[in-house]
Each structure stands twice: as C-alpha cells, then as structure tokens.
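Structure file target.cif with mmCIF, C-alpha atoms:
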```cif
data_coords
#
loop_
_atom_site.label_atom_id
_atom_site.label_comp_id
_atom_site.auth_asym_id
_atom_site.auth_seq_id
_atom_site.Cartn_x
_atom_site.Cartn_y
_atom_site.Cartn_z
CA GLY A 1 4.19 20.52 -11.70
CA ASP A 2 4.97 18.40 -8.70
CA SER A 3 4.56 14.66 -9.12
CA VAL A 4 5.26 11.30 -7.49
CA THR A 5 6.09 8.08 -9.32
CA GLN A 6 5.97 4.66 -7.69
CA MET A 7 6.99 1.30 -8.98
CA GLU A 8 4.15 -0.62 -10.52
CA GLY A 9 2.67 -3.49 -8.66
CA PRO A 10 1.47 -5.83 -7.59
CA VAL A 11 4.45 -6.96 -5.59
CA THR A 12 4.19 -10.53 -4.33
CA LEU A 13 6.62 -11.76 -1.68
CA SER A 14 6.97 -14.67 0.66
CA GLU A 15 6.86 -14.08 4.39
CA GLU A 16 10.21 -12.86 5.82
CA ALA A 17 11.41 -11.60 2.43
CA PHE A 18 13.03 -8.18 2.01
CA LEU A 19 10.79 -5.44 0.65
CA THR A 20 11.64 -2.41 -1.45
CA ILE A 21 9.03 -0.18 -3.05
CA ASN A 22 10.59 2.54 -5.17
CA CYS A 23 9.35 6.13 -5.09
CA THR A 24 10.75 9.14 -6.92
CA TYR A 25 9.44 12.66 -7.00
CA THR A 26 9.66 16.00 -8.74
CA ALA A 27 9.00 19.15 -6.77
CA THR A 28 9.44 22.89 -7.10
CA GLY A 29 10.47 23.57 -3.55
CA TYR A 30 11.52 21.52 -0.55
CA PRO A 31 8.75 19.03 0.04
CA SER A 32 7.93 16.83 2.97
CA LEU A 33 7.63 13.18 1.97
CA PHE A 34 5.23 10.55 3.28
CA TRP A 35 4.35 6.90 2.99
CA TYR A 36 0.74 5.98 3.60
CA VAL A 37 -0.67 2.46 3.88
CA GLN A 38 -4.19 1.36 2.98
CA TYR A 39 -5.42 -1.94 4.39
CA PRO A 40 -8.38 -3.62 2.66
CA GLY A 41 -11.62 -1.73 3.23
CA GLU A 42 -9.98 1.07 5.18
CA GLY A 43 -8.77 4.60 4.64
CA LEU A 44 -5.15 5.60 4.32
CA GLN A 45 -2.99 5.71 7.41
CA LEU A 46 0.30 7.50 7.77
CA LEU A 47 3.14 4.97 7.91
CA LEU A 48 6.14 7.29 8.11
CA LYS A 49 7.39 10.68 7.01
CA ALA A 50 10.50 12.77 6.45
CA THR A 51 10.58 16.53 6.28
CA LYS A 52 14.08 17.33 5.01
CA ALA A 53 16.95 15.85 3.06
CA ASP A 54 18.73 12.87 4.66
CA ASP A 55 15.97 12.39 7.23
CA LYS A 56 14.99 8.78 7.79
CA GLY A 57 11.40 7.98 8.64
CA SER A 58 10.66 4.69 10.36
CA ASN A 59 7.68 2.85 11.82
CA LYS A 60 6.63 -0.79 12.35
CA GLY A 61 9.90 -2.04 10.83
CA PHE A 62 9.49 0.07 7.68
CA GLU A 63 12.07 2.70 6.76
CA ALA A 64 12.53 5.33 4.06
CA THR A 65 15.31 7.90 3.62
CA TYR A 66 14.77 11.28 1.97
CA ARG A 67 17.41 11.42 -0.78
CA LYS A 68 17.50 14.86 -2.37
CA GLU A 69 20.31 14.01 -4.78
CA THR A 70 18.29 11.21 -6.35
CA THR A 71 14.86 12.71 -5.55
CA SER A 72 13.83 9.41 -4.03
CA PHE A 73 12.07 8.07 -0.94
CA HIS A 74 12.14 4.29 -1.29
CA LEU A 75 10.25 2.21 1.26
CA GLU A 76 12.06 -0.79 2.77
CA LYS A 77 11.39 -3.52 5.29
CA GLY A 78 13.79 -6.26 6.21
CA SER A 79 11.27 -9.05 6.83
CA VAL A 80 7.66 -8.74 5.69
CA GLN A 81 4.70 -10.45 7.30
CA VAL A 82 1.36 -11.55 5.87
CA SER A 83 -0.24 -8.71 7.84
CA ASP A 84 1.78 -6.19 5.76
CA SER A 85 -0.37 -7.00 2.72
CA ALA A 86 -1.87 -3.67 1.70
CA VAL A 87 -1.61 -0.84 -0.80
CA TYR A 88 1.25 1.59 -0.18
CA PHE A 89 1.19 5.20 -1.35
CA CYS A 90 4.12 7.57 -1.59
CA ALA A 91 3.16 11.24 -1.28
CA LEU A 92 4.64 14.70 -1.07
CA SER A 93 3.57 18.02 0.34
CA ASP A 94 5.25 21.00 -1.23
CA PRO A 95 4.07 24.39 0.04
CA ARG A 96 6.01 26.25 -2.62
CA GLY A 97 4.78 24.11 -5.47
CA SER A 98 1.16 24.16 -4.35
CA GLY A 99 0.89 27.88 -3.63
CA ASN A 100 1.04 27.09 0.07
CA THR A 101 -2.23 25.16 0.00
CA GLY A 102 -0.56 22.17 1.62
CA LYS A 103 -1.91 19.85 -1.02
CA LEU A 104 -0.73 16.26 -0.78
CA ILE A 105 0.27 14.72 -4.11
CA PHE A 106 0.09 10.93 -4.27
CA GLY A 107 1.71 8.28 -6.38
CA GLN A 108 -0.53 5.70 -7.97
CA GLY A 109 -0.08 3.17 -5.18
CA THR A 110 1.69 -0.19 -5.04
CA THR A 111 -0.15 -3.32 -3.96
CA LEU A 112 1.86 -5.66 -1.76
CA GLN A 113 0.78 -9.24 -1.26
CA VAL A 114 2.70 -11.36 1.23
CA LYS A 115 2.18 -15.11 1.10
CA PRO A 116 2.78 -17.45 4.06
CA GLU B 117 -10.87 8.98 19.72
CA ALA B 118 -9.52 11.31 17.03
CA GLN B 119 -11.14 10.45 13.75
CA VAL B 120 -12.58 11.49 10.43
CA THR B 121 -16.04 10.04 9.86
CA GLN B 122 -17.60 9.65 6.43
CA ASN B 123 -21.10 8.51 5.61
CA PRO B 124 -22.30 6.45 3.94
CA ARG B 125 -19.66 3.75 3.39
CA TYR B 126 -21.41 2.43 0.31
CA LEU B 127 -23.83 4.17 -2.03
CA ILE B 128 -25.47 3.03 -5.24
CA THR B 129 -27.47 5.61 -7.15
CA VAL B 130 -28.70 6.48 -10.62
CA THR B 131 -27.56 9.14 -13.04
CA GLY B 132 -28.85 12.60 -12.17
CA LYS B 133 -30.07 11.94 -8.64
CA LYS B 134 -28.47 14.46 -6.29
CA LEU B 135 -26.50 13.05 -3.39
CA THR B 136 -24.39 14.23 -0.48
CA VAL B 137 -21.53 12.42 1.23
CA THR B 138 -20.92 13.74 4.72
CA CYS B 139 -17.57 14.17 6.42
CA SER B 140 -16.92 15.19 10.00
CA GLN B 141 -13.70 15.46 12.03
CA ASN B 142 -13.32 15.85 15.80
CA MET B 143 -9.73 17.13 15.89
CA ASN B 144 -10.44 20.83 15.39
CA HIS B 145 -8.47 20.75 12.14
CA GLU B 146 -8.61 23.81 9.93
CA TYR B 147 -7.76 22.04 6.68
CA MET B 148 -10.08 19.49 5.09
CA SER B 149 -10.03 17.88 1.68
CA TRP B 150 -11.81 15.41 -0.58
CA TYR B 151 -10.02 12.89 -2.78
CA ARG B 152 -11.17 10.27 -5.19
CA GLN B 153 -9.26 7.04 -5.70
CA ASP B 154 -9.30 5.25 -9.03
CA PRO B 155 -7.26 2.21 -10.17
CA GLY B 156 -3.93 3.21 -11.66
CA LEU B 157 -4.45 6.88 -10.84
CA GLY B 158 -3.84 6.98 -7.11
CA LEU B 159 -5.67 9.68 -5.20
CA ARG B 160 -6.67 12.91 -6.86
CA GLN B 161 -7.84 15.96 -4.96
CA ILE B 162 -11.36 17.18 -5.71
CA TYR B 163 -11.77 20.18 -3.37
CA TYR B 164 -10.13 21.46 -0.26
CA SER B 165 -10.87 23.96 2.47
CA MET B 166 -8.31 25.94 4.43
CA ASN B 167 -10.87 27.10 6.99
CA VAL B 168 -14.55 27.87 7.56
CA GLU B 169 -16.13 29.49 4.51
CA VAL B 170 -12.88 29.08 2.53
CA THR B 171 -12.98 26.42 -0.18
CA ASP B 172 -11.08 25.93 -3.42
CA LYS B 173 -10.85 23.57 -6.35
CA GLY B 174 -8.40 20.71 -6.45
CA ASP B 175 -7.33 18.84 -9.55
CA VAL B 176 -10.65 17.24 -10.51
CA PRO B 177 -13.49 19.50 -9.28
CA GLU B 178 -15.89 19.14 -12.23
CA GLY B 179 -19.27 17.77 -11.18
CA TYR B 180 -18.73 18.32 -7.46
CA LYS B 181 -19.56 20.97 -4.90
CA VAL B 182 -18.52 21.41 -1.28
CA SER B 183 -19.37 23.66 1.62
CA ARG B 184 -17.65 24.52 4.89
CA LYS B 185 -20.13 26.22 7.16
CA GLU B 186 -18.60 24.76 10.31
CA LYS B 187 -15.06 23.75 11.12
CA ARG B 188 -15.85 20.09 11.73
CA ASN B 189 -17.98 19.33 8.64
CA PHE B 190 -17.10 19.27 4.96
CA PRO B 191 -19.82 17.62 2.85
CA LEU B 192 -19.28 16.61 -0.77
CA ILE B 193 -22.25 17.25 -3.04
CA LEU B 194 -22.93 15.71 -6.42
CA GLU B 195 -25.77 17.71 -7.95
CA SER B 196 -26.23 15.44 -10.97
CA PRO B 197 -24.07 12.31 -10.65
CA SER B 198 -22.81 10.57 -13.76
CA PRO B 199 -21.28 7.09 -14.23
CA ASN B 200 -17.75 8.56 -14.51
CA GLN B 201 -18.09 9.63 -10.88
CA THR B 202 -18.20 5.99 -9.81
CA SER B 203 -15.20 5.85 -7.51
CA LEU B 204 -13.90 5.48 -3.97
CA TYR B 205 -14.01 8.80 -2.13
CA PHE B 206 -11.95 9.85 0.87
CA CYS B 207 -12.29 12.81 3.15
CA ALA B 208 -9.18 13.95 5.02
CA SER B 209 -8.14 16.62 7.47
CA ARG B 210 -4.94 17.94 8.97
CA ASP B 211 -3.69 20.41 11.49
CA ARG B 212 -0.93 22.72 10.30
CA ASN B 213 0.74 22.84 6.93
CA ASN B 214 2.90 19.80 6.11
CA SER B 215 1.47 17.76 8.96
CA PRO B 216 0.07 14.34 8.00
CA LEU B 217 -3.43 13.95 6.67
CA HIS B 218 -5.98 11.95 8.67
CA PHE B 219 -8.31 9.99 6.41
CA GLY B 220 -11.83 8.69 6.75
CA ASN B 221 -12.60 5.08 5.86
CA GLY B 222 -13.93 5.94 2.44
CA THR B 223 -17.23 5.98 0.57
CA ARG B 224 -17.64 3.66 -2.38
CA LEU B 225 -20.01 5.30 -4.83
CA THR B 226 -21.54 3.55 -7.82
CA VAL B 227 -23.54 5.59 -10.34
CA THR B 228 -25.56 3.56 -12.85
#
```

Target encoding structure tokens, full file:
Amino acid sequence: GDSVTQMEGPVTLSEEAFLTINCTYTATGYPSLFWYVQYPGEGLQLLLKATKADDKGSNKGFEATYRKETTSFHLEKGSVQVSDSAVYFCALSDPRGSGNTGKLIFGQGTTLQVKP
Amino acid sequence: EAQVTQNPRYLITVTGKKLTVTCSQNMNHEYMSWYRQDPGLGLRQIYYSMNVEVTDKGDVPEGYKVSRKEKRNFPLILESPSPNQTSLYFCASRDRNNSPLHFGNGTRLTVT
C-alpha cells in the first residue's frame, strides 16, 4: 500500500543553518504531496504542497520539489529561525491508491529544534 | 474565521466510561476525518466521512464510533475506552479531493 517515510529526528540546528528533512514515498497512482507543520500545542497546518511531478511548493522560506524519479519530496530552508521549531509531517494523497477516498497518509513526523 | 473546532482539549477518564469528542467545521466541507497521533507512528486515520450519513473505517477503527448527521459535525465516540486509546486526537476536514486538510487543535485523551 501507499506509504511515506521521513528521516528520523530530532533534528537540532543553530539559527541560520540550512535545513533538509528527507521524505520518500510509495504510491500506486499519481499522488499529491504535502508538508504539514505542527507547533507545540496546536493542530497541523499546511506548509506547502505539490500536485504533480517537478512542481515546487514553497511557503515561508520553505521549499520542496516533487521528484517522481526518486519518489521524494524533501523539505528545505536556507536559514532556519528559532520560531521554526516544530514537528514536520510529510504526507500524500493518492486517489487511486485509496479507492478515491482522498485519505491522507502521513509520515511519522520529524521534530526540529532550532537553538539561538 | 474558517476553522475546525474540537472539544474538549484535554480529557482524563477511566476505563469503560463512555465519552464523546466533538468536532465542528464552519467551511461547509463535505469530507471530515478523525486521526490519532502517537509517538513514532505519525497520524493514523480512525474514521472518515465523505458526506452526511456516509462514514467509513480508516486504518485503526477498533473501539471507536462516529456519526455524521449534519454536514458541520463529526463526533468521535468511545463506548468503552481502554488505556491503549490514550492518545492525541485530531479532527480534520477538506473541500474537494486532494485539497489540503484543515485540522482542529487536538484533544489529548488519557484513559486510566
């Protein structure tokens, strides 16, 4: 079945460091890919998305490119801030793989801690 | 403001005592879903609903019930909670297929 695998955390960086969180997926069809962010004590918020191969999603300085050849959607940011400390989830929605239920399949989450 | 509202935020209960976690959305979304979040496992879908009176099991439905009598509400019912249902629960909704999910702020449930 469809699945998402993220790099294990926690990831600890100093402020202004470069961030990469790896995400790879397996899917039956042609999924849409998402990154969600969860700040402490809050629900998940959509960070960015890409709906087809080679699309680049971007928001708040974060970017991720949908790479069909490597089945990857790695999250990057050039210069992290303390306020970026959160849990990041990679997810996919694959209508063909889910019987068109639109189910979102999540990775296990990666905790990012940014120190001043 | 567009939002998904869950209540309560925190709940401590004992084994076997029936409870309901409410979820309401004000965006006229057809699709609603419940997830539970556990360390190292990410989010796993419990139940979902494609529309009023249409519900179906997700990946971990055992021990849970849902209902969808109105479009805006999608309560999660635990008829006889057990300690393995201690978790963080999220309700979510979305518009059309493949559009992003909107999440509530979560309900932290502890069953002793």

inquiry  = Show me, as an NGL selection string, the residues that have an atom within 8 Å of range 10-27 of chain A when counting all atoms listed in the file, minus same-chain residues fewer than 3 positions from it.
reply    = :A and (1-7 or 30-31 or 70-82 or 90 or 92 or 94 or 97 or 110-116)

Just C-alpha atoms for this one: save the residues we selected as a PDB file, keeping the file's coordinate frame.
```pdb
ATOM      1  CA  GLY A   1       4.190  20.520 -11.700  1.00  0.00           C
ATOM      2  CA  ASP A   2       4.970  18.400  -8.700  1.00  0.00           C
ATOM      3  CA  SER A   3       4.560  14.660  -9.120  1.00  0.00           C
ATOM      4  CA  VAL A   4       5.260  11.300  -7.490  1.00  0.00           C
ATOM      5  CA  THR A   5       6.090   8.080  -9.320  1.00  0.00           C
ATOM      6  CA  GLN A   6       5.970   4.660  -7.690  1.00  0.00           C
ATOM      7  CA  MET A   7       6.990   1.300  -8.980  1.00  0.00           C
ATOM      8  CA  TYR A  30      11.520  21.520  -0.550  1.00  0.00           C
ATOM      9  CA  PRO A  31       8.750  19.030   0.040  1.00  0.00           C
ATOM     10  CA  THR A  70      18.290  11.210  -6.350  1.00  0.00           C
ATOM     11  CA  THR A  71      14.860  12.710  -5.550  1.00  0.00           C
ATOM     12  CA  SER A  72      13.830   9.410  -4.030  1.00  0.00           C
ATOM     13  CA  PHE A  73      12.070   8.070  -0.940  1.00  0.00           C
ATOM     14  CA  HIS A  74      12.140   4.290  -1.290  1.00  0.00           C
ATOM     15  CA  LEU A  75      10.250   2.210   1.260  1.00  0.00           C
ATOM     16  CA  GLU A  76      12.060  -0.790   2.770  1.00  0.00           C
ATOM     17  CA  LYS A  77      11.390  -3.520   5.290  1.00  0.00           C
ATOM     18  CA  GLY A  78      13.790  -6.260   6.210  1.00  0.00           C
ATOM     19  CA  SER A  79      11.270  -9.050   6.830  1.00  0.00           C
ATOM     20  CA  VAL A  80       7.660  -8.740   5.690  1.00  0.00           C
ATOM     21  CA  GLN A  81       4.700 -10.450   7.300  1.00  0.00           C
ATOM     22  CA  VAL A  82       1.360 -11.550   5.870  1.00  0.00           C
ATOM     23  CA  CYS A  90       4.120   7.570  -1.590  1.00  0.00           C
ATOM     24  CA  LEU A  92       4.640  14.700  -1.070  1.00  0.00           C
ATOM     25  CA  ASP A  94       5.250  21.000  -1.230  1.00  0.00           C
ATOM     26  CA  GLY A  97       4.780  24.110  -5.470  1.00  0.00           C
ATOM     27  CA  THR A 110       1.690  -0.190  -5.040  1.00  0.00           C
ATOM     28  CA  THR A 111      -0.150  -3.320  -3.960  1.00  0.00           C
ATOM     29  CA  LEU A 112       1.860  -5.660  -1.760  1.00  0.00           C
ATOM     30  CA  GLN A 113       0.780  -9.240  -1.260  1.00  0.00           C
ATOM     31  CA  VAL A 114       2.700 -11.360   1.230  1.00  0.00           C
ATOM     32  CA  LYS A 115       2.180 -15.110   1.100  1.00  0.00           C
ATOM     33  CA  PRO A 116       2.780 -17.450   4.060  1.00  0.00           C
TER      34      PRO A 116
END
```

request  = Can you give me, as a PyMOL selection string, the residues this file yields under the PyMOL selection byres ((chain A) within 10 of (chain B))?
outcome  = chain A and resi 8-9+31-36+38+41-49+51+89-95+100-110

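The two atoms in question, CA of Val176 in chain B and CA of Gln122 in chain B, are spaced 19.8 Å apart.
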
Would you be able to write out as a PDB file with C-alpha atoms, in the frame of the given file which residues have an atom within 8 Å of (-5.4, -3.6, 3.7) in the file's coordinates, counting all atoms listed in the file?
```pdb
ATOM      1  CA  VAL A  37      -0.670   2.460   3.880  1.00  0.00           C
ATOM      2  CA  GLN A  38      -4.190   1.360   2.980  1.00  0.00           C
ATOM      3  CA  TYR A  39      -5.420  -1.940   4.390  1.00  0.00           C
ATOM      4  CA  PRO A  40      -8.380  -3.620   2.660  1.00  0.00           C
ATOM      5  CA  GLY A  41     -11.620  -1.730   3.230  1.00  0.00           C
ATOM      6  CA  GLU A  42      -9.980   1.070   5.180  1.00  0.00           C
ATOM      7  CA  ASP A  84       1.780  -6.190   5.760  1.00  0.00           C
ATOM      8  CA  SER A  85      -0.370  -7.000   2.720  1.00  0.00           C
ATOM      9  CA  ALA A  86      -1.870  -3.670   1.700  1.00  0.00           C
ATOM     10  CA  VAL A  87      -1.610  -0.840  -0.800  1.00  0.00           C
TER      11      VAL A  87
END
```

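For the residues B:Ser209, B:Asn189, B:Ser203, B:Thr171, ranking by smallest atom-to-atom distance to Ile128 in chain B using only C-alpha atoms places B:Ser203 first.
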
request  = In Å, rounded to a single decimal, give me how far CA of Glu169 in chain B is from CA of Gln141 in chain B.
outcome  =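 Interatomic distance, CA of Gln141 in chain B to CA of Glu169 in chain B: 16.1 Å.
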
ask   = With distances taken over all atoms listed in the file, which of B:Pro191, B:Leu204, B:Leu225, B:Asp211 is nearest to Thr138 in chain B?
value = B:Pro191

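The space separating CA of Ile162 in chain B from CA of Lys181 in chain B comes to 9.1 Å.
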
Residue IDs satisfying the PyMOL selection byres ((chain B and resi 192-194) around 10), as a list in words = Gly132, Lys133, Lys134, Leu135, Thr136, Val137, Thr138, Cys139, Ser149, Trp150, Ile162, Tyr163, Glu178, Gly179, Tyr180, Lys181, Val182, Ser183, Arg184, Asn189, Phe190, Pro191, Glu195, Ser196, Pro197, Ser198, Gln201, Tyr205 and Cys207 of chain B

inquiry  = Running the PyMOL selection byres ((chain B and resi 228) around 7) on this model by hand, what would come out? Give it as number ranges by chain.
reply    = B: 129-131, 199, 226-227

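If you measure from each of B:Glu117, B:Pro177, B:Leu127, B:Glu186 to Glu146 in chain B using only C-alpha atoms, the closest one turns out to be B:Glu186.
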